[in-house]
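As provided, query-v3.cif (mmCIF, C-alpha atoms and all ligand atoms) reads as follows.
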data_query
loop_
_atom_site.group_PDB
_atom_site.id
_atom_site.type_symbol
_atom_site.label_atom_id
_atom_site.label_comp_id
_atom_site.auth_asym_id
_atom_site.auth_seq_id
_atom_site.Cartn_x
_atom_site.Cartn_y
_atom_site.Cartn_z
ATOM 1 C CA MET A 1 3.627 -1.450 -0.966
ATOM 2 C CA ALA A 2 0.022 -0.641 -0.303
ATOM 3 C CA ILE A 3 -2.134 0.779 2.438
ATOM 4 C CA ARG A 4 -4.461 -1.912 3.786
ATOM 5 C CA LYS A 5 -7.810 -1.339 5.411
ATOM 6 C CA ILE A 6 -7.690 -1.397 9.224
ATOM 7 C CA VAL A 7 -10.366 -3.626 10.741
ATOM 8 C CA THR A 8 -12.332 -1.919 13.510
ATOM 9 C CA VAL A 9 -14.041 -3.200 16.652
ATOM 10 C CA GLY A 10 -17.196 -5.191 15.958
ATOM 11 C CA ASP A 11 -15.512 -7.240 13.239
ATOM 12 C CA PRO A 12 -15.296 -10.805 14.645
ATOM 13 C CA VAL A 13 -11.801 -11.337 13.185
ATOM 14 C CA LEU A 14 -10.336 -9.164 15.981
ATOM 15 C CA ARG A 15 -11.461 -11.818 18.490
ATOM 16 C CA LYS A 16 -9.763 -14.724 16.733
ATOM 17 C CA LYS A 17 -6.416 -16.249 17.660
ATOM 18 C CA SER A 18 -3.685 -15.728 15.069
ATOM 19 C CA ARG A 19 -1.709 -18.701 13.754
ATOM 20 C CA PRO A 20 2.105 -18.899 13.683
ATOM 21 C CA VAL A 21 3.929 -17.675 10.594
ATOM 22 C CA VAL A 22 5.573 -20.700 8.959
ATOM 23 C CA ASN A 23 6.606 -19.395 5.542
ATOM 24 C CA PHE A 24 9.228 -16.643 5.560
ATOM 25 C CA ASP A 25 8.651 -15.797 1.937
ATOM 26 C CA GLU A 26 7.872 -12.945 -0.428
ATOM 27 C CA LYS A 27 4.231 -12.933 0.676
ATOM 28 C CA LEU A 28 5.270 -12.296 4.299
ATOM 29 C CA ALA A 29 7.642 -9.519 3.195
ATOM 30 C CA CYS A 30 4.786 -7.905 1.272
ATOM 31 C CA LEU A 31 2.453 -8.170 4.274
ATOM 32 C CA LEU A 32 5.057 -6.580 6.585
ATOM 33 C CA ASP A 33 5.787 -3.763 4.124
ATOM 34 C CA ASP A 34 2.064 -3.061 3.809
ATOM 35 C CA MET A 35 1.593 -3.166 7.591
ATOM 36 C CA ARG A 36 4.405 -0.656 8.064
ATOM 37 C CA GLU A 37 2.917 1.710 5.511
ATOM 38 C CA THR A 38 -0.573 1.286 6.992
ATOM 39 C CA MET A 39 0.692 1.967 10.540
ATOM 40 C CA ASP A 40 2.660 5.039 9.431
ATOM 41 C CA LYS A 41 -0.290 6.476 7.513
ATOM 42 C CA ALA A 42 -2.557 6.003 10.548
ATOM 43 C CA GLU A 43 0.165 7.448 12.831
ATOM 44 C CA GLY A 44 0.020 4.376 15.059
ATOM 45 C CA ALA A 45 2.705 3.028 17.393
ATOM 46 C CA GLY A 46 1.952 -0.584 16.529
ATOM 47 C CA LEU A 47 -0.118 -2.829 14.286
ATOM 48 C CA ALA A 48 -0.850 -6.559 14.345
ATOM 49 C CA ALA A 49 -1.575 -8.531 11.159
ATOM 50 C CA VAL A 50 -5.056 -9.368 12.433
ATOM 51 C CA GLN A 51 -5.842 -5.644 12.257
ATOM 52 C CA VAL A 52 -5.539 -5.854 8.483
ATOM 53 C CA GLY A 53 -7.548 -9.088 8.503
ATOM 54 C CA ILE A 54 -4.634 -11.553 8.366
ATOM 55 C CA LEU A 55 -4.677 -14.126 11.191
ATOM 56 C CA ARG A 56 -0.913 -14.608 11.423
ATOM 57 C CA ARG A 57 1.412 -13.876 14.336
ATOM 58 C CA ALA A 58 3.165 -10.814 12.927
ATOM 59 C CA ILE A 59 3.373 -7.310 14.377
ATOM 60 C CA VAL A 60 5.069 -4.041 13.496
ATOM 61 C CA ILE A 61 5.991 -1.413 16.086
ATOM 62 C CA ASN A 62 7.383 2.101 16.084
ATOM 63 C CA VAL A 63 7.211 4.022 19.337
ATOM 64 C CA GLY A 64 9.478 6.739 17.975
ATOM 65 C CA ASP A 65 12.898 5.113 18.390
ATOM 66 C CA GLY A 66 12.939 2.910 15.302
ATOM 67 C CA TYR A 67 10.846 0.495 13.322
ATOM 68 C CA MET A 68 10.566 -3.150 14.445
ATOM 69 C CA GLU A 69 9.045 -6.310 12.996
ATOM 70 C CA LEU A 70 8.209 -9.151 15.379
ATOM 71 C CA ILE A 71 7.167 -12.530 13.970
ATOM 72 C CA ASN A 72 5.846 -15.272 16.280
ATOM 73 C CA PRO A 73 6.721 -13.178 19.385
ATOM 74 C CA GLU A 74 6.876 -14.871 22.797
ATOM 75 C CA ILE A 75 7.187 -12.903 26.029
ATOM 76 C CA ILE A 76 9.876 -14.507 28.190
ATOM 77 C CA GLU A 77 10.185 -12.030 31.057
ATOM 78 C CA THR A 78 8.248 -9.119 32.548
ATOM 79 C CA SER A 79 8.747 -6.945 35.609
ATOM 80 C CA GLY A 80 7.328 -3.880 37.306
ATOM 81 C CA GLU A 81 4.041 -2.183 36.598
ATOM 82 C CA GLN A 82 2.859 0.948 34.810
ATOM 83 C CA GLU A 83 -0.561 2.487 34.415
ATOM 84 C CA ASP A 84 -1.238 4.812 31.509
ATOM 85 C CA SER A 85 -3.605 5.749 28.708
ATOM 86 C CA GLU A 86 -3.847 3.369 25.783
ATOM 87 C CA GLY A 87 -5.547 3.506 22.411
ATOM 88 C CA CYS A 88 -5.830 1.230 19.393
ATOM 89 C CA LEU A 89 -6.087 1.827 15.638
ATOM 90 C CA SER A 90 -9.016 -0.627 15.645
ATOM 91 C CA LEU A 91 -10.917 1.516 18.193
ATOM 92 C CA PRO A 92 -10.530 5.005 16.712
ATOM 93 C CA GLY A 93 -11.240 7.931 19.037
ATOM 94 C CA LYS A 94 -11.255 5.790 22.191
ATOM 95 C CA TRP A 95 -8.788 5.471 25.070
ATOM 96 C CA GLY A 96 -8.566 3.562 28.316
ATOM 97 C CA LEU A 97 -6.464 3.438 31.454
ATOM 98 C CA VAL A 98 -4.544 0.141 31.362
ATOM 99 C CA LYS A 99 -2.020 -1.503 33.710
ATOM 100 C CA ARG A 100 0.928 -3.189 32.006
ATOM 101 C CA PRO A 101 4.344 -4.451 33.081
ATOM 102 C CA ASN A 102 6.995 -1.728 32.935
ATOM 103 C CA TYR A 103 9.610 -4.053 31.441
ATOM 104 C CA VAL A 104 9.139 -6.766 28.830
ATOM 105 C CA LYS A 105 11.691 -9.110 27.263
ATOM 106 C CA LEU A 106 10.626 -11.260 24.341
ATOM 107 C CA ARG A 107 11.933 -13.446 21.591
ATOM 108 C CA ALA A 108 10.672 -13.186 18.042
ATOM 109 C CA GLN A 109 11.665 -14.024 14.497
ATOM 110 C CA ASN A 110 12.576 -11.448 11.894
ATOM 111 C CA ARG A 111 11.363 -11.586 8.286
ATOM 112 C CA LYS A 112 14.194 -14.017 7.475
ATOM 113 C CA GLY A 113 13.034 -16.398 10.207
ATOM 114 C CA GLN A 114 15.958 -15.678 12.562
ATOM 115 C CA TRP A 115 15.174 -15.641 16.287
ATOM 116 C CA ARG A 116 16.236 -12.509 18.155
ATOM 117 C CA LEU A 117 15.799 -11.120 21.661
ATOM 118 C CA TYR A 118 14.089 -7.779 22.206
ATOM 119 C CA GLU A 119 13.400 -5.765 25.323
ATOM 120 C CA GLY A 120 11.680 -2.543 26.204
ATOM 121 C CA THR A 121 10.459 -0.395 29.059
ATOM 122 C CA GLY A 122 7.649 2.134 29.375
ATOM 123 C CA LEU A 123 5.788 2.804 26.140
ATOM 124 C CA LYS A 124 7.664 0.107 24.221
ATOM 125 C CA ALA A 125 6.835 -2.537 26.853
ATOM 126 C CA ARG A 126 3.208 -1.371 26.733
ATOM 127 C CA CYS A 127 3.168 -1.642 22.965
ATOM 128 C CA PHE A 128 4.686 -5.165 23.011
ATOM 129 C CA CYS A 129 1.916 -6.325 25.361
ATOM 130 C CA HIS A 130 -0.874 -4.575 23.441
ATOM 131 C CA GLU A 131 0.166 -6.027 20.061
ATOM 132 C CA ILE A 132 0.799 -9.540 21.400
ATOM 133 C CA ASP A 133 -2.659 -9.432 23.006
ATOM 134 C CA HIS A 134 -4.078 -8.812 19.505
ATOM 135 C CA LEU A 135 -2.603 -12.169 18.431
ATOM 136 C CA GLU A 136 -4.758 -13.827 21.100
ATOM 137 C CA GLY A 137 -7.914 -11.924 20.159
ATOM 138 C CA ILE A 138 -7.617 -9.670 23.215
ATOM 139 C CA LEU A 139 -8.312 -5.920 23.067
ATOM 140 C CA TYR A 140 -7.105 -3.358 25.614
ATOM 141 C CA THR A 141 -10.722 -2.691 26.561
ATOM 142 C CA ASP A 142 -10.784 -6.214 28.086
ATOM 143 C CA LYS A 143 -8.100 -5.081 30.552
ATOM 144 C CA GLN A 144 -8.801 -1.389 31.070
ATOM 145 C CA GLU A 145 -9.655 -0.037 34.483
ATOM 146 C CA LYS A 146 -11.745 2.755 33.003
ATOM 147 C CA THR A 147 -12.457 4.614 29.789
ATOM 148 C CA LEU A 148 -10.691 7.945 29.313
ATOM 149 C CA THR A 149 -12.096 10.885 27.368
ATOM 150 C CA ALA A 150 -10.003 12.734 24.781
ATOM 151 C CA GLU A 151 -9.726 15.595 27.292
ATOM 152 C CA GLU A 152 -8.411 13.290 30.034
ATOM 153 C CA VAL A 153 -5.830 11.795 27.645
ATOM 154 C CA ARG A 154 -4.716 15.289 26.612
ATOM 155 C CA ARG A 155 -4.369 16.361 30.245
ATOM 156 C CA ARG A 156 -2.364 13.249 31.136
ATOM 157 C CA ARG A 157 -0.002 13.877 28.217
ATOM 158 C CA GLN A 158 0.425 17.520 29.167
ATOM 159 C CA GLY A 159 1.259 16.474 32.702
ATOM 160 C CA LYS A 160 3.977 14.211 31.372
ATOM 161 C CA ASP A 161 5.618 16.989 29.378
ATOM 162 C CA ASP A 162 6.164 19.161 32.458
HETATM 163 CO CO CO A 201 -4.413 -2.253 18.940
#
Before anything else, please render the file you have as structure tokens.
Amino acid sequence: MAIRKIVTVGDPVLRKKSRPVVNFDEKLACLLDDMRETMDKAEGAGLAAVQVGILRRAIVINVGDGYMELINPEIIETSGEQEDSEGCLSLPGKWGLVKRPNYVKLRAQNRKGQWRLYEGTGLKARCFCHEIDHLEGILYTDKQEKTLTAEEVRRRRQGKDD
């Protein structure tokens, strides 16, 4: 495994559409292992392959309740709405206030190519949407209602802990 370099905003690759994964081989396994290590090192909740410069539809997620790999994900159902702070490993030190569905159900392949159903609410639903947007070349800043300062994000998080 290896840490890969995370592409940051301004690099045109972040605006490109990722292509489906077609080969479920050793190269994909290596990419996923590297993405996991890269996400963990950066203390992120999610990472899309495009963020390490690979235009393939693969994402890794860990919102604190377990590690997930989603290949060729397709959202099949959403409901509700949530509004919260959101950041991105490709936009270090920045946050925005973004509306997302509160519930998301999707189907995706695992590293063996098997289709599975996944669902999540709250932060996990937010993360699904954020990472799948990356596969379309969309960044959260395209959808944010306003920019938040580090202080505002801290205050929002404190409020939540009460
Ligand atoms: Co991101």
- request: Rank A:Val52, A:Asp133, A:Val98, A:Pro20 by their smallest atom-to-atom distance to Ser85 in chain A, using all atoms listed in the file, and report the top residue only.
  value: A:Val98
Residues of range 5-87 of chain A that have any atom at most 12 Å from an atom of range 135-147 of chain A: could you tabulate them with the shortest-distance atom pair and the distance in Å to one decimal, using all atoms listed in the file, ordered by chain and increasing number, as a tab-separated table?
residue	atom	partner	partner_atom	distance
A:Thr8	CA	A:Leu139	CA	11.1
A:Val9	CA	A:Leu139	CA	9.0
A:Gly10	CA	A:Leu139	CA	11.4
A:Asp11	CA	A:Gly137	CA	11.3
A:Pro12	CA	A:Gly137	CA	9.3
A:Val13	CA	A:Gly137	CA	8.0
A:Leu14	CA	A:Gly137	CA	5.6
A:Arg15	CA	A:Gly137	CA	3.9
A:Lys16	CA	A:Gly137	CA	4.8
A:Lys17	CA	A:Glu136	CA	4.5
A:Ser18	CA	A:Leu135	CA	5.0
A:Arg19	CA	A:Leu135	CA	8.1
A:Pro20	CA	A:Leu135	CA	9.5
A:Val21	CA	A:Leu135	CA	11.6
A:Leu47	CA	A:Leu135	CA	10.5
A:Ala48	CA	A:Leu135	CA	7.2
A:Ala49	CA	A:Leu135	CA	8.2
A:Val50	CA	A:Leu135	CA	7.1
A:Gln51	CA	A:Leu135	CA	9.5
A:Gly53	CA	A:Leu135	CA	11.5
A:Ile54	CA	A:Leu135	CA	10.3
A:Leu55	CA	A:Leu135	CA	7.8
A:Arg56	CA	A:Leu135	CA	7.6
A:Arg57	CA	A:Leu135	CA	6.0
A:Ala58	CA	A:Leu135	CA	8.1
A:Ile59	CA	A:Leu135	CA	8.7
A:Leu70	CA	A:Leu135	CA	11.6
A:Ile71	CA	A:Leu135	CA	10.7
A:Asn72	CA	A:Leu135	CA	9.3
A:Pro73	CA	A:Leu135	CA	9.4
A:Glu74	CA	A:Leu135	CA	10.8
A:Glu83	CA	A:Glu145	CA	9.4
A:Asp84	CA	A:Gln144	CA	9.8
A:Ser85	CA	A:Thr147	CA	9.0
A:Glu86	CA	A:Tyr140	CA	7.5
A:Gly87	CA	A:Tyr140	CA	7.7
Using all atoms listed in the file, what does the table of chain A residues within 6 Å of ligand CO 201 (chain A) look like, with each row giving the shortest atom pair and its distance in Å to one decimal, sorted by chain and ascending number, as a Markdown table?
| residue | atom | partner | partner_atom | distance |
| --- | --- | --- | --- | --- |
| A:Cys88 | CA | A:CO201 | CO | 3.8 |
| A:Leu89 | CA | A:CO201 | CO | 5.5 |
| A:Ser90 | CA | A:CO201 | CO | 5.9 |
Output check: residues returned by the PyMOL selection byres (((chain A and resi 114) around 12) and not hetatm), as an NGL selection string: :A and (24 or 69-73 or 107-113 or 115-117)
query: Which protein, DNA or RNA residues are at most 7 Å from (10.1, -0.6, 35.7) in the file's coordinates when you count only C-alpha atoms, listed as a PyMOL selection string?
result: chain A and resi 79-81+102-103+121
query: Which residues, written as a ChimeraX atom specification, have at least one atom at most 9 Å from Cys127 in chain A, with all atoms listed in the file counted and residues fewer than 2 positions away on the same chain left out?
result: /A:45-46,61-63,122-125,129-132
Starting from 8 Å padding per side, set up an axis-aligned box that covers all listed atoms of range 144-161 of chain A and hand over centre and edge lengths in Å, one decimal, as AutoDock Vina command-line options.
--center_x -3.4 --center_y 8.1 --center_z 29.6 --size_x 34.1 --size_y 34.9 --size_z 25.7
query: Which distance in Å separates CA of Ile6 in chain A and CA of Gly96 in chain A, to one decimal?
result: 19.7 Å
- request: Name the residues that the PyMOL selection byres (((chain A and resi 156) around 12) and not hetatm) pulls out of this structure, and write them as a PyMOL selection string.
  value: chain A and resi 83-86+95-97+148-155+157-162
Only C-alpha atoms, as a PDB file, in the first residue's frame: that is what I want for range 26-66 of chain A.
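The result, stored in result.pdb:
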ATOM      1  CA  GLU A  26      -5.272  -6.625  -8.874  1.00  0.00           C
ATOM      2  CA  LYS A  27      -4.791  -3.064 -10.127  1.00  0.00           C
ATOM      3  CA  LEU A  28      -8.208  -2.053  -8.744  1.00  0.00           C
ATOM      4  CA  ALA A  29      -7.430  -3.744  -5.414  1.00  0.00           C
ATOM      5  CA  CYS A  30      -4.171  -1.792  -5.235  1.00  0.00           C
ATOM      6  CA  LEU A  31      -5.949   1.484  -6.033  1.00  0.00           C
ATOM      7  CA  LEU A  32      -8.578   0.851  -3.325  1.00  0.00           C
ATOM      8  CA  ASP A  33      -5.948  -0.093  -0.734  1.00  0.00           C
ATOM      9  CA  ASP A  34      -4.003   3.072  -1.543  1.00  0.00           C
ATOM     10  CA  MET A  35      -7.160   5.204  -1.399  1.00  0.00           C
ATOM     11  CA  ARG A  36      -8.011   3.805   2.029  1.00  0.00           C
ATOM     12  CA  GLU A  37      -4.540   4.538   3.350  1.00  0.00           C
ATOM     13  CA  THR A  38      -4.567   8.023   1.796  1.00  0.00           C
ATOM     14  CA  MET A  39      -7.997   8.823   3.297  1.00  0.00           C
ATOM     15  CA  ASP A  40      -6.973   7.552   6.744  1.00  0.00           C
ATOM     16  CA  LYS A  41      -3.730   9.535   6.725  1.00  0.00           C
ATOM     17  CA  ALA A  42      -5.620  12.710   5.765  1.00  0.00           C
ATOM     18  CA  GLU A  43      -8.311  11.924   8.382  1.00  0.00           C
ATOM     19  CA  GLY A  44     -11.040  12.197   5.755  1.00  0.00           C
ATOM     20  CA  ALA A  45     -14.517  10.656   5.799  1.00  0.00           C
ATOM     21  CA  GLY A  46     -14.439   9.833   2.102  1.00  0.00           C
ATOM     22  CA  LEU A  47     -12.259   9.862  -0.997  1.00  0.00           C
ATOM     23  CA  ALA A  48     -13.031   9.419  -4.694  1.00  0.00           C
ATOM     24  CA  ALA A  49     -10.484   7.962  -7.133  1.00  0.00           C
ATOM     25  CA  VAL A  50     -10.445  11.222  -9.087  1.00  0.00           C
ATOM     26  CA  GLN A  51      -8.970  12.877  -5.987  1.00  0.00           C
ATOM     27  CA  VAL A  52      -5.838  10.797  -6.484  1.00  0.00           C
ATOM     28  CA  GLY A  53      -5.933  11.546 -10.215  1.00  0.00           C
ATOM     29  CA  ILE A  54      -7.640   8.334 -11.384  1.00  0.00           C
ATOM     30  CA  LEU A  55     -10.796   8.946 -13.447  1.00  0.00           C
ATOM     31  CA  ARG A  56     -12.626   5.772 -12.430  1.00  0.00           C
ATOM     32  CA  ARG A  57     -15.905   5.405 -10.549  1.00  0.00           C
ATOM     33  CA  ALA A  58     -14.535   4.171  -7.227  1.00  0.00           C
ATOM     34  CA  ILE A  59     -14.940   5.691  -3.771  1.00  0.00           C
ATOM     35  CA  VAL A  60     -13.955   4.810  -0.221  1.00  0.00           C
ATOM     36  CA  ILE A  61     -15.880   6.014   2.830  1.00  0.00           C
ATOM     37  CA  ASN A  62     -15.479   5.870   6.585  1.00  0.00           C
ATOM     38  CA  VAL A  63     -17.743   8.091   8.645  1.00  0.00           C
ATOM     39  CA  GLY A  64     -16.712   6.350  11.851  1.00  0.00           C
ATOM     40  CA  ASP A  65     -18.875   3.217  11.708  1.00  0.00           C
ATOM     41  CA  GLY A  66     -16.780   1.099   9.358  1.00  0.00           C
TER      42      GLY A  66
END
